>>> print(open('my_file.txt').read())   # compact mmCIF, C-alpha atoms
# COMPACT_ATOMS: atom_id res chain seq x y z
CA MET A 27 124.77 -127.57 149.10
CA THR A 28 125.78 -124.11 150.18
CA GLU A 29 123.60 -121.24 149.19
CA ARG A 30 125.42 -118.49 147.31
CA ARG A 31 124.19 -114.97 147.81
CA ARG A 32 123.80 -113.02 144.60
CA ARG A 33 125.69 -109.75 144.68
CA SER A 34 124.59 -106.66 142.83
CA ILE A 35 126.80 -104.86 140.34
CA PHE A 36 127.07 -102.02 142.88
CA ASP A 37 128.48 -104.40 145.50
CA LEU A 38 131.07 -105.59 143.01
CA ILE A 39 132.04 -102.03 142.05
CA ASP A 40 132.31 -101.07 145.73
CA GLU A 41 134.49 -104.09 146.41
CA TYR A 42 136.67 -103.30 143.37
CA PHE A 43 137.29 -99.74 144.56
CA GLU A 44 137.91 -100.87 148.13
CA ASN A 45 140.54 -103.34 146.89
CA LEU A 46 142.06 -100.70 144.65
CA GLU A 47 142.22 -98.22 147.50
CA GLU A 48 143.86 -100.85 149.71
CA SER A 49 146.45 -101.67 147.03
CA VAL A 50 147.29 -97.99 146.54
CA LYS A 51 147.64 -97.57 150.30
CA ARG A 52 150.02 -100.53 150.52
CA LEU A 53 152.03 -99.23 147.56
CA ARG A 54 152.21 -95.80 149.14
CA GLU A 55 153.41 -97.31 152.44
CA THR A 56 156.12 -99.17 150.56
CA LEU A 57 157.26 -96.39 148.29
CA MET A 58 156.77 -93.21 150.26
CA GLU A 59 159.64 -91.90 152.23
CA LYS A 60 158.51 -90.41 155.48
CA PRO A 61 160.11 -89.40 158.76
CA SER A 62 160.12 -91.91 161.58
CA TRP A 63 158.52 -89.31 163.86
CA ASP A 64 155.28 -87.34 163.94
CA ARG A 65 155.71 -83.91 165.51
CA LYS A 66 151.98 -83.19 165.59
CA ALA A 67 151.11 -86.41 167.43
CA CYS A 68 154.40 -86.29 169.42
CA THR A 69 155.11 -89.92 168.52
CA ILE A 70 158.11 -91.88 167.28
CA GLU A 71 157.78 -94.92 165.04
CA PRO A 72 159.63 -97.90 166.51
CA LEU A 73 161.66 -100.43 164.53
CA ARG A 74 159.67 -103.62 164.01
CA ASP A 75 159.85 -106.96 162.29
CA ILE A 76 157.42 -109.71 161.30
CA SER A 77 158.11 -113.39 160.89
CA VAL A 78 155.63 -116.04 159.76
CA THR A 79 156.08 -119.59 161.03
CA PRO A 80 153.87 -122.58 160.11
CA THR A 81 151.84 -122.06 163.30
CA GLU A 82 152.02 -118.37 164.18
CA VAL A 83 152.95 -114.84 163.18
CA ILE A 84 155.51 -113.19 165.44
CA VAL A 85 155.75 -109.40 165.47
CA THR A 86 158.69 -107.91 167.37
CA VAL A 87 159.08 -104.23 168.20
CA ASP A 88 162.16 -102.46 169.61
CA LEU A 89 160.99 -100.26 172.49
CA PRO A 90 163.91 -98.68 174.38
CA TYR A 91 163.11 -96.56 177.48
CA THR A 92 159.73 -98.29 177.78
CA GLU A 93 157.94 -99.49 180.92
CA GLU A 94 156.08 -102.72 180.31
CA ASN A 95 152.82 -101.51 181.88
CA THR A 96 152.48 -98.69 179.31
CA ILE A 97 152.48 -101.01 176.28
CA ARG A 98 149.18 -101.28 174.41
CA VAL A 99 148.56 -103.72 171.54
CA LYS A 100 145.18 -103.30 169.86
CA PRO A 101 143.71 -105.16 166.85
CA LEU A 102 142.23 -102.54 164.49
CA SER A 103 140.85 -105.04 161.99
CA LYS A 104 141.30 -108.70 161.11
CA ASP A 105 144.79 -107.99 159.72
CA VAL A 106 146.06 -104.78 161.36
CA ILE A 107 147.37 -104.23 164.87
CA GLU A 108 148.23 -100.94 166.54
CA ILE A 109 151.08 -100.74 169.03
CA SER A 110 151.76 -97.87 171.40
CA ALA A 111 154.05 -97.47 174.41
CA LYS A 112 155.17 -94.63 176.62
CA MET A 113 158.83 -93.89 177.22
CA ARG A 114 160.19 -93.20 180.71
CA ARG A 115 161.59 -89.87 179.52
CA LYS A 116 160.77 -87.23 176.96
CA ILE A 117 163.01 -87.14 173.90
CA SER A 118 163.53 -83.88 172.06
CA PHE A 119 165.29 -83.05 168.81
CA ASP A 120 167.94 -81.32 170.98
CA ASP A 121 168.89 -84.77 172.33
CA PHE A 122 169.92 -85.71 168.79
CA GLY A 123 171.85 -82.44 168.36
CA ILE A 124 169.14 -81.14 166.00
CA THR A 125 168.28 -77.48 166.50
CA HIS A 126 166.38 -76.71 163.26
CA TYR A 127 163.30 -78.65 164.41
CA LYS A 128 161.46 -78.27 167.70
CA GLY A 129 159.41 -80.94 169.38
CA GLU A 130 159.25 -83.55 172.12
CA PHE A 131 158.29 -87.19 171.97
CA GLN A 132 157.32 -89.58 174.71
CA THR A 133 155.30 -92.21 172.86
CA PHE A 134 156.09 -94.96 170.40
CA HIS A 135 153.31 -95.60 167.94
CA CYS A 136 152.90 -97.79 164.86
CA GLN A 137 150.42 -99.89 162.96
CA THR A 138 151.40 -103.23 161.43
CA ARG A 139 149.66 -105.30 158.80
CA ILE A 140 149.63 -109.04 159.47
CA PRO A 141 150.33 -110.84 156.16
CA VAL A 142 148.31 -114.06 156.77
CA PRO A 143 145.00 -114.80 158.57
CA VAL A 144 145.42 -115.03 162.36
CA TYR A 145 143.33 -115.36 165.50
CA MET A 146 143.52 -111.84 166.94
CA ASP A 147 141.67 -112.94 170.08
CA LYS A 148 144.37 -115.51 170.89
CA MET A 149 147.19 -112.96 170.85
CA GLU A 150 150.00 -113.46 173.38
CA VAL A 151 152.45 -110.74 174.30
CA ARG A 152 155.77 -110.69 176.15
CA PHE A 153 158.35 -107.97 176.79
CA LYS A 154 162.00 -108.79 177.37
CA ARG A 155 165.20 -106.70 177.13
CA GLY A 156 163.21 -103.83 175.63
CA ILE A 157 161.82 -105.99 172.81
CA LEU A 158 158.07 -106.52 172.57
CA GLU A 159 157.07 -109.88 171.12
CA ILE A 160 153.53 -110.43 169.86
CA HIS A 161 152.48 -114.00 169.02
CA LEU A 162 149.41 -114.50 166.83
CA PRO A 163 148.30 -118.11 166.09
CA ARG A 164 147.64 -118.67 162.39
CA LYS A 165 144.27 -119.64 160.95
CA ASN A 166 144.70 -122.56 158.59
CA GLU A 167 141.87 -121.61 156.28
CA TYR A 168 143.00 -123.30 153.09
CA GLU A 169 143.96 -126.84 153.94
CA ILE A 170 144.06 -129.01 150.83
CA PRO A 171 143.36 -132.69 151.55
CA ILE A 172 145.95 -135.07 150.13
CA GLU A 173 144.37 -138.19 148.65
CA MET B 26 173.93 -89.17 139.83
CA ARG B 27 175.25 -92.60 140.76
CA ASN B 28 176.79 -94.29 137.80
CA VAL B 29 175.67 -97.87 138.37
CA LYS B 30 176.07 -98.87 134.72
CA LYS B 31 179.86 -98.98 135.00
CA THR B 32 181.56 -102.21 135.94
CA TRP B 33 182.87 -102.11 139.48
CA GLY B 34 186.44 -102.29 138.14
CA ASN B 35 185.96 -98.94 136.43
CA CYS B 36 184.08 -97.67 139.46
CA LEU B 37 187.28 -97.95 141.52
CA GLU B 38 188.47 -94.82 139.70
CA ASP B 39 185.40 -93.02 141.06
CA VAL B 40 186.36 -93.56 144.70
CA LYS B 41 188.96 -91.20 146.15
CA ILE B 42 190.43 -91.37 149.63
CA VAL B 43 191.29 -87.78 150.55
CA GLU B 44 193.93 -87.48 153.26
CA LYS B 45 193.63 -84.57 155.70
CA LYS B 46 196.60 -85.46 157.88
CA GLU B 47 199.78 -87.41 157.50
CA ILE B 48 199.00 -91.11 157.82
CA PRO B 49 201.43 -93.10 159.98
CA SER B 50 202.79 -96.36 158.62
CA GLY B 51 202.23 -99.75 160.26
CA CYS B 52 198.83 -99.09 161.90
CA THR B 53 196.04 -101.59 162.52
CA MET B 54 193.07 -100.66 160.33
CA LEU B 55 189.58 -101.21 161.74
CA PHE B 56 186.24 -101.12 159.92
CA GLY B 57 182.89 -100.23 161.49
CA PHE B 58 180.26 -100.20 158.76
CA PRO B 59 176.45 -100.45 158.97
CA ASP B 60 175.35 -104.07 159.05
CA VAL B 61 173.15 -106.31 161.21
CA GLY B 62 172.52 -104.79 164.64
CA LEU B 63 174.72 -101.82 163.62
CA VAL B 64 177.37 -103.60 165.70
CA GLY B 65 180.34 -102.17 163.78
CA VAL B 66 179.06 -98.58 163.72
CA ILE B 67 178.17 -98.57 167.42
CA ALA B 68 181.55 -100.12 168.32
CA ALA B 69 183.41 -97.62 166.11
CA SER B 70 181.49 -94.68 167.55
CA HIS B 71 182.40 -95.85 171.07
CA LEU B 72 186.07 -96.19 170.11
CA ILE B 73 186.10 -92.62 168.77
CA SER B 74 184.67 -91.26 172.01
CA GLU B 75 186.84 -93.43 174.30
CA LEU B 76 190.28 -93.42 172.67
CA ASN B 77 192.46 -90.39 173.08
CA GLY B 78 193.66 -88.59 170.00
CA LEU B 79 191.51 -90.42 167.48
CA GLU B 80 190.73 -87.73 164.91
CA GLU B 81 189.59 -87.55 161.31
CA VAL B 82 192.62 -88.18 159.09
CA ALA B 83 190.97 -89.01 155.76
CA TYR B 84 187.59 -89.40 154.08
CA VAL B 85 185.97 -91.08 151.10
CA ASP B 86 184.96 -88.84 148.21
CA SER B 87 182.88 -90.67 145.63
CA LYS B 88 180.17 -89.96 143.11
CA LEU B 89 179.05 -93.57 143.50
CA LEU B 90 177.54 -92.68 146.87
CA PRO B 91 174.10 -91.04 147.15
CA PRO B 92 174.18 -87.19 147.11
CA LEU B 93 174.53 -86.99 150.87
CA ILE B 94 176.78 -85.21 153.34
CA VAL B 95 176.77 -85.26 157.13
CA LEU B 96 176.70 -81.89 158.86
CA HIS B 97 178.64 -81.50 162.11
CA GLU B 98 178.59 -78.03 163.69
CA GLY B 99 177.33 -76.64 160.37
CA LEU B 100 180.23 -78.03 158.35
CA PRO B 101 180.02 -80.76 155.68
CA HIS B 102 181.62 -84.16 156.15
CA SER B 103 181.73 -87.29 154.04
CA PRO B 104 179.52 -90.07 155.46
CA ILE B 105 182.53 -92.41 155.23
CA ARG B 106 185.51 -91.18 157.20
CA ILE B 107 188.76 -92.57 158.53
CA PHE B 108 189.79 -91.66 162.06
CA GLY B 109 193.29 -92.30 163.27
CA ASN B 110 196.00 -91.90 165.86
CA HIS B 111 199.58 -93.15 165.92
CA ASN B 112 198.63 -96.83 165.83
CA ILE B 113 195.00 -97.17 164.70
CA LEU B 114 193.09 -96.27 161.55
CA LEU B 115 189.31 -96.62 161.91
CA ALA B 116 187.07 -96.47 158.84
CA VAL B 117 183.46 -95.75 159.78
CA SER B 118 180.30 -94.95 157.86
CA GLU B 119 177.50 -92.85 159.34
CA THR B 120 175.01 -93.98 156.72
CA ALA B 121 174.02 -97.26 155.10
CA ILE B 122 176.29 -98.01 152.14
CA PRO B 123 174.25 -98.84 149.02
CA ALA B 124 174.60 -102.55 148.27
CA ASP B 125 175.70 -101.92 144.66
CA VAL B 126 178.77 -99.83 145.63
CA ILE B 127 180.12 -101.90 148.53
CA TYR B 128 182.70 -103.57 146.25
CA PRO B 129 184.39 -100.40 144.91
CA ILE B 130 184.22 -98.64 148.30
CA MET B 131 185.76 -101.58 150.18
CA TYR B 132 188.40 -102.32 147.53
CA SER B 133 189.47 -98.66 147.51
CA LEU B 134 189.72 -98.51 151.31
CA ILE B 135 191.64 -101.79 151.52
CA ASP B 136 194.06 -100.86 148.72
CA TRP B 137 194.58 -97.46 150.38
CA GLY B 138 195.25 -99.21 153.70
CA LYS B 139 197.78 -101.49 152.04
CA SER B 140 199.54 -98.45 150.54
CA LYS B 141 199.91 -97.18 154.13
CA ASN B 142 201.51 -100.49 155.15
CA VAL B 143 198.82 -101.38 157.68
CA LYS B 144 199.91 -104.45 159.62
CA MET B 145 196.40 -105.89 159.95
CA MET B 146 192.79 -105.13 159.05
CA ILE B 147 189.96 -106.00 161.42
CA SER B 148 186.29 -105.66 160.60
CA LEU B 149 183.87 -105.25 163.53
CA SER B 150 180.48 -106.70 162.83
CA GLY B 151 177.65 -108.95 163.95
CA ILE B 152 176.15 -112.31 163.18
CA PRO B 153 172.37 -112.40 163.49
CA VAL B 154 170.86 -114.92 165.85
CA GLN B 155 167.19 -115.78 166.28
CA GLU B 156 165.67 -115.30 169.75
CA ARG B 157 168.50 -112.90 170.55
CA GLN B 158 166.56 -111.42 173.48
CA ASP B 159 166.78 -114.77 175.29
CA ILE B 160 170.59 -114.94 175.09
CA GLU B 161 172.40 -113.72 178.21
CA GLU B 162 175.99 -114.27 177.08
CA LEU B 163 176.72 -113.35 173.50
CA ARG B 164 179.33 -115.37 171.64
CA VAL B 165 181.95 -113.74 169.44
CA PHE B 166 183.24 -115.49 166.34
CA ALA B 167 186.12 -114.78 163.98
CA ALA B 168 187.13 -115.59 160.46
CA ALA B 169 190.55 -114.72 159.06
CA SER B 170 192.34 -114.13 155.78
CA ASN B 171 194.92 -116.88 156.25
CA VAL B 172 195.71 -119.97 158.33
CA ASP B 173 198.33 -118.28 160.54
CA VAL B 174 196.04 -115.42 161.55
CA LEU B 175 193.20 -117.87 162.16
CA LYS B 176 195.46 -119.95 164.42
CA ASN B 177 196.51 -116.86 166.40
CA VAL B 178 192.89 -115.82 166.89
CA GLN B 179 191.95 -119.31 168.05
CA GLU B 180 194.84 -119.29 170.56
CA LEU B 181 193.38 -116.09 172.03
CA GLY B 182 190.22 -118.02 172.87
CA ILE B 183 188.00 -116.61 170.14
CA GLU B 184 185.68 -119.09 168.44
CA ILE B 185 186.13 -119.64 164.73
CA LEU B 186 183.26 -119.27 162.29
CA LYS B 187 184.06 -122.50 160.51
CA GLU B 188 181.46 -122.88 157.78
CA GLY B 189 178.72 -120.73 156.32
CA TYR B 190 178.08 -117.68 154.22
CA MET B 191 179.19 -114.14 155.00
CA VAL B 192 177.50 -111.20 153.28
CA GLY B 193 178.41 -107.51 153.36
CA PRO B 194 181.43 -105.19 153.69
CA GLN B 195 183.22 -107.54 156.13
CA ALA B 196 182.97 -110.39 153.60
CA ILE B 197 184.55 -108.25 150.88
CA MET B 198 187.27 -107.11 153.27
CA LEU B 199 188.25 -110.67 154.15
CA GLN B 200 188.28 -111.85 150.56
CA ARG B 201 190.22 -108.84 149.23
CA CYS B 202 192.79 -108.98 152.05
CA ALA B 203 193.28 -112.71 151.44
CA SER B 204 193.98 -112.08 147.77
CA ILE B 205 196.43 -109.16 148.25
CA GLY B 206 198.21 -110.71 151.25
CA VAL B 207 197.13 -108.39 154.06
CA PRO B 208 196.44 -110.19 157.37
CA ALA B 209 192.78 -109.65 158.23
CA ILE B 210 190.16 -110.73 160.73
CA THR B 211 186.41 -110.33 160.74
CA LEU B 212 185.01 -110.28 164.27
CA LEU B 213 181.32 -111.08 164.62
CA ALA B 214 179.28 -110.83 167.80
CA GLN B 215 175.89 -112.53 168.04
CA CYS B 216 173.27 -109.81 167.61
CA PHE B 217 169.78 -108.77 166.55
CA PHE B 218 169.27 -108.73 162.79
CA ASN B 219 167.07 -105.66 162.58
CA TYR B 220 167.63 -103.78 165.84
CA PRO B 221 170.64 -101.75 167.02
CA ASP B 222 172.56 -103.91 169.48
CA PRO B 223 174.93 -102.03 171.85
CA GLU B 224 175.52 -105.18 173.95
CA ALA B 225 176.82 -106.98 170.86
CA ALA B 226 179.02 -103.95 170.08
CA ALA B 227 180.49 -104.22 173.61
CA GLU B 228 181.23 -107.92 173.06
CA VAL B 229 182.92 -107.33 169.72
CA LEU B 230 185.10 -104.65 171.37
CA LYS B 231 186.09 -107.17 174.07
CA GLY B 232 187.14 -109.50 171.25
CA LEU B 233 189.14 -106.68 169.65
CA THR B 234 190.87 -106.02 172.98
CA LYS B 235 192.09 -109.62 173.04
CA ILE B 236 193.54 -109.34 169.54
CA ILE B 237 195.29 -105.98 169.55
CA GLY B 238 195.72 -105.43 173.30
CA LEU B 239 193.76 -102.20 173.19
CA LYS B 240 192.15 -101.18 176.48
CA VAL B 241 188.57 -100.08 175.92
CA ASP B 242 186.10 -99.54 178.75
CA VAL B 243 182.68 -100.68 177.49
CA SER B 244 180.75 -99.76 180.65
CA LYS B 245 179.57 -96.40 179.22
CA LEU B 246 178.47 -98.15 176.05
CA LEU B 247 176.29 -100.52 178.07
CA GLU B 248 174.96 -97.70 180.29
CA LYS B 249 173.92 -95.72 177.22
CA GLY B 250 172.40 -98.79 175.54
CA GLU B 251 168.80 -97.52 175.42
CA GLU B 252 169.86 -94.06 174.22
CA ILE B 253 171.93 -95.64 171.43
CA ARG B 254 169.02 -97.88 170.39
CA LEU B 255 166.74 -94.87 170.13
CA LYS B 256 169.23 -92.70 168.24
CA ALA B 257 170.28 -95.45 165.85
CA ARG B 258 166.71 -96.19 164.67
CA ASP B 259 166.87 -94.30 161.40
CA VAL B 260 170.32 -95.58 160.37
CA MET B 261 169.10 -99.10 161.20
CA ARG B 262 165.98 -98.58 159.07
CA ARG B 263 168.07 -97.50 156.05
CA THR B 264 170.54 -100.32 156.68
CA GLN B 265 167.69 -102.87 156.69
CA GLN B 266 166.80 -101.82 153.14
CA GLU B 267 170.39 -102.32 151.94
CA LEU B 268 170.74 -105.63 153.83
CA SER B 269 167.68 -106.87 152.00
CA LYS B 270 169.17 -105.82 148.62
CA MET B 271 172.42 -107.68 149.33
CA LYS B 272 170.44 -110.79 150.45
CA LYS B 273 171.87 -110.74 153.96
CA THR B 274 169.56 -113.53 155.10
CA GLN B 275 171.77 -115.88 153.07
CA GLU B 276 173.92 -115.99 156.21
CA TYR B 277 171.21 -118.22 157.73
CA ASP B 278 171.53 -120.69 154.83
CA MET B 279 173.03 -124.14 155.18
CA PRO B 280 176.18 -124.22 153.05
CA LEU B 281 176.77 -126.76 150.33
CA TYR B 282 180.09 -128.34 151.25
CA ILE B 283 182.47 -128.48 148.30
CA THR B 284 185.91 -129.65 149.34
>>> encode(input="my_file.txt", output="C-alpha cells")
Amino acid sequence: MTERRRRSIFDLIDEYFENLEESVKRLRETLMEKPSWDRKACTIEPLRDISVTPTEVIVTVDLPYTEENTIRVKPLSKDVIEISAKMRRKISFDDFGITHYKGEFQTFHCQTRIPVPVYMDKMEVRFKRGILEIHLPRKNEYEIPIE
Amino acid sequence: MRNVKKTWGNCLEDVKIVEKKEIPSGCTMLFGFPDVGLVGVIAASHLISELNGLEEVAYVDSKLLPPLIVLHEGLPHSPIRIFGNHNILLAVSETAIPADVIYPIMYSLIDWGKSKNVKMMISLSGIPVQERQDIEELRVFAAASNVDVLKNVQELGIEILKEGYMVGPQAIMLQRCASIGVPAITLLAQCFFNYPDPEAAAEVLKGLTKIIGLKVDVSKLLEKGEEIRLKARDVMRRTQQELSKMKKTQEYDMPLYIT
C-alpha cells in the first residue's frame, strides 16, 4: 500500500494560488496582443508550431538567416523549453521600411510550453532548410489496462 | 465597427470596389490572398515587382474589414488592392482577411471582375504538406471551374487536385466562378502550413507561366527567400489565426465520396 503524505492547509492554498497564477499567465499569453519583437532584449520571436503524435511531441521553429551552430534549445522546466538562435546578419526596422522605431535585432528567442508530459532528457534536434525540428518522446503516464 | 450580424448577402452592399484608373476589358484576373505558406501573397508581391507597368488600378473599400489601413510613403492605402496593366488584373491583400468576411469580399471582387469581362480568373495559393522541409521538388496542383478548363490545364502538364476539401478565398473563387460561368483555376503549390514559403510561391508562378504564357523570372524570389520569410512573419502569424477560424485543417481530411 502506498503511503500518502498529509498536506497542510497552507500547502493546499499555495498550490491553489500557483495553479491560478499559471492559468492567468496562459490566458494572458493567449489573449494579449504583443509585438513579435523585443527592442530592449534585441530579439525577434520566431514563428513556431507544435504537433503531438502518439509517441512524441514535435516542435518546429522557422529560423531564417540562422547558422545551425548558434541554435540553443534549453528545457526551463518539465513542460517549457526555451529556444534561441543568432542570425547571420543584423536586422533593423529600416530593413522593413519602418523609420518611426529604432532598433536592431540579431537573435531569435522564444519559450514554448509542451502540452503533454515528455522526456526532456531524450530530446532530439535537427535543422533543415532553415526549420528547426525538436523531437520530445512522450511519457505515457496514464495507461489504462484493458481487461 | 464590423457589422457581422448582417447576412453575407446584405454584406455585399458594404463592399465597394473603387476604381482609380480605367480598367481594360478582357484581362486575366489573378488573386494572391493570405493563406497557407502565404504562397499567394508572396507570388503576387513578386509579380508586382517583376512585371512592367503593373500599378494600382482599384481598391476595396469596406466597413466589414477591421479598421486598418496600410501606409506607403505616408499615404493611406486599402489593405486589399487591385494592380493592373493592359492584360492582367491582380487582386492582393497585405493583411489576413477575417474569416467571417471572405464570402462578401470574394463575391464582390469576382462580380466586379465579371463586369470588366475578364477572360479568366486564377487564384495563386498553396496546399499544406507535412514534412515539407524534406521535399526537394514541390508539386503544383490545379482545380478548375469547368471540365474544359480542367482539361486544358491537364494538357499543360499540371496535376489535377482530384478529390478533397478546399478551404479559403480560393475555394470561394472557384465555386462562385463556376456558378456565374467565368472560367477559373486555382493553382496550389505544396507548401508549409504555418511558415512563409517563397519556394512554393516560385513553383506556383511557374505553373501560372504555363497557363497564361507570362514570363516571370523567379530567381530573385528564391535569392530573397530568407529575407521574405523574416519579413512575412507577422502577416503569417495573423493569417494563422484566421486559418484556424475557417478550419483550414479540414483540407487534410479524407473526403466522404458522394457520387
>>> residues_around(input="my_file.txt", residues="region 44-61 of chain B", least_positions_apart="5", cutoff="6 Å", atoms="only C-alpha atoms", output="list in words")
Val66, Ala69, Val82, Ala83, Asn112, Ile113, Leu114, Leu115, Ala116, Val117, Ser118, Ala121, Lys141, Asn142, Val143, Lys144, Met145, Met146, Ile147, Ser148, Leu149, Gly151 and Phe218 of chain B
>>> atom_distance(input="my_file.txt", atom1="CA of Glu80 (chain B)", atom2="CA of Ile210 (chain B)")
23.4 Å
>>> interface_residues(input="my_file.txt", of="chain A", to="chain B", cutoff="10 Å", atoms="all atoms listed in the file", output="CSV table (one decimal) with C-alpha atoms, in the coordinates of the input")
chain,number,residue,atom,x,y,z
A,61,PRO,CA,160.1,-89.4,158.8
A,62,SER,CA,160.1,-91.9,161.6
A,70,ILE,CA,158.1,-91.9,167.3
A,71,GLU,CA,157.8,-94.9,165.0
A,72,PRO,CA,159.6,-97.9,166.5
A,73,LEU,CA,161.7,-100.4,164.5
A,74,ARG,CA,159.7,-103.6,164.0
A,75,ASP,CA,159.8,-107.0,162.3
A,86,THR,CA,158.7,-107.9,167.4
A,87,VAL,CA,159.1,-104.2,168.2
A,88,ASP,CA,162.2,-102.5,169.6
A,89,LEU,CA,161.0,-100.3,172.5
A,90,PRO,CA,163.9,-98.7,174.4
A,91,TYR,CA,163.1,-96.6,177.5
A,92,THR,CA,159.7,-98.3,177.8
A,117,ILE,CA,163.0,-87.1,173.9
A,121,ASP,CA,168.9,-84.8,172.3
A,122,PHE,CA,169.9,-85.7,168.8
A,123,GLY,CA,171.8,-82.4,168.4
A,153,PHE,CA,158.4,-108.0,176.8
A,154,LYS,CA,162.0,-108.8,177.4
A,155,ARG,CA,165.2,-106.7,177.1
A,156,GLY,CA,163.2,-103.8,175.6
A,157,ILE,CA,161.8,-106.0,172.8
A,158,LEU,CA,158.1,-106.5,172.6
A,159,GLU,CA,157.1,-109.9,171.1
>>> axis_aligned_box(input="my_file.txt", around="region 183-190 of chain B", padding_each_side="5 Å", output="JSON")
{"center_x": 183.0, "center_y": -119.7, "center_z": 162.2, "size_x": 19.9, "size_y": 16.3, "size_z": 25.9}
>>> atom_distance(input="my_file.txt", atom1="CA of Leu247 (chain B)", atom2="CA of Pro153 (chain B)")
19.2 Å
>>> residues_near_point(input="my_file.txt", point="(151.0, -112.3, 155.3)", cutoff="12 Å", atoms="all atoms listed in the file", output="list in words")
Ile76, Ser77, Val78, Thr79, Pro80, Glu82, Val83, Ile84, Val85, Lys104, Asp105, Val106, Thr138, Arg139, Ile140, Pro141, Val142, Pro143, Val144, Leu162, Arg164 and Lys165 of chain A
>>> closest_residue(input="my_file.txt", among="B:Ala226, B:Ile236, B:Val126, B:Ile205", to="Gln179 (chain B)", atoms="all atoms listed in the file")
B:Ile236
>>> atom_distance(input="my_file.txt", atom1="CA of Glu188 (chain B)", atom2="CA of Ile237 (chain B)")
24.8 Å
>>> closest_residue(input="my_file.txt", among="A:Thr69, A:His126, A:Glu44, A:Met149", to="Ser110 (chain A)", atoms="all atoms listed in the file")
A:Thr69
>>> residues_around(input="my_file.txt", residues="Leu181 (chain B)", least_positions_apart="5", cutoff="10 Å", atoms="all atoms listed in the file", output="ChimeraX atom specification")
/B:176,232,235-236
>>> residues_near_point(input="my_file.txt", point="(163.3, -86.4, 178.2)", cutoff="12 Å", atoms="only C-alpha atoms", output="ChimeraX atom specification")
/A:91,112-122,129-133 /B:252
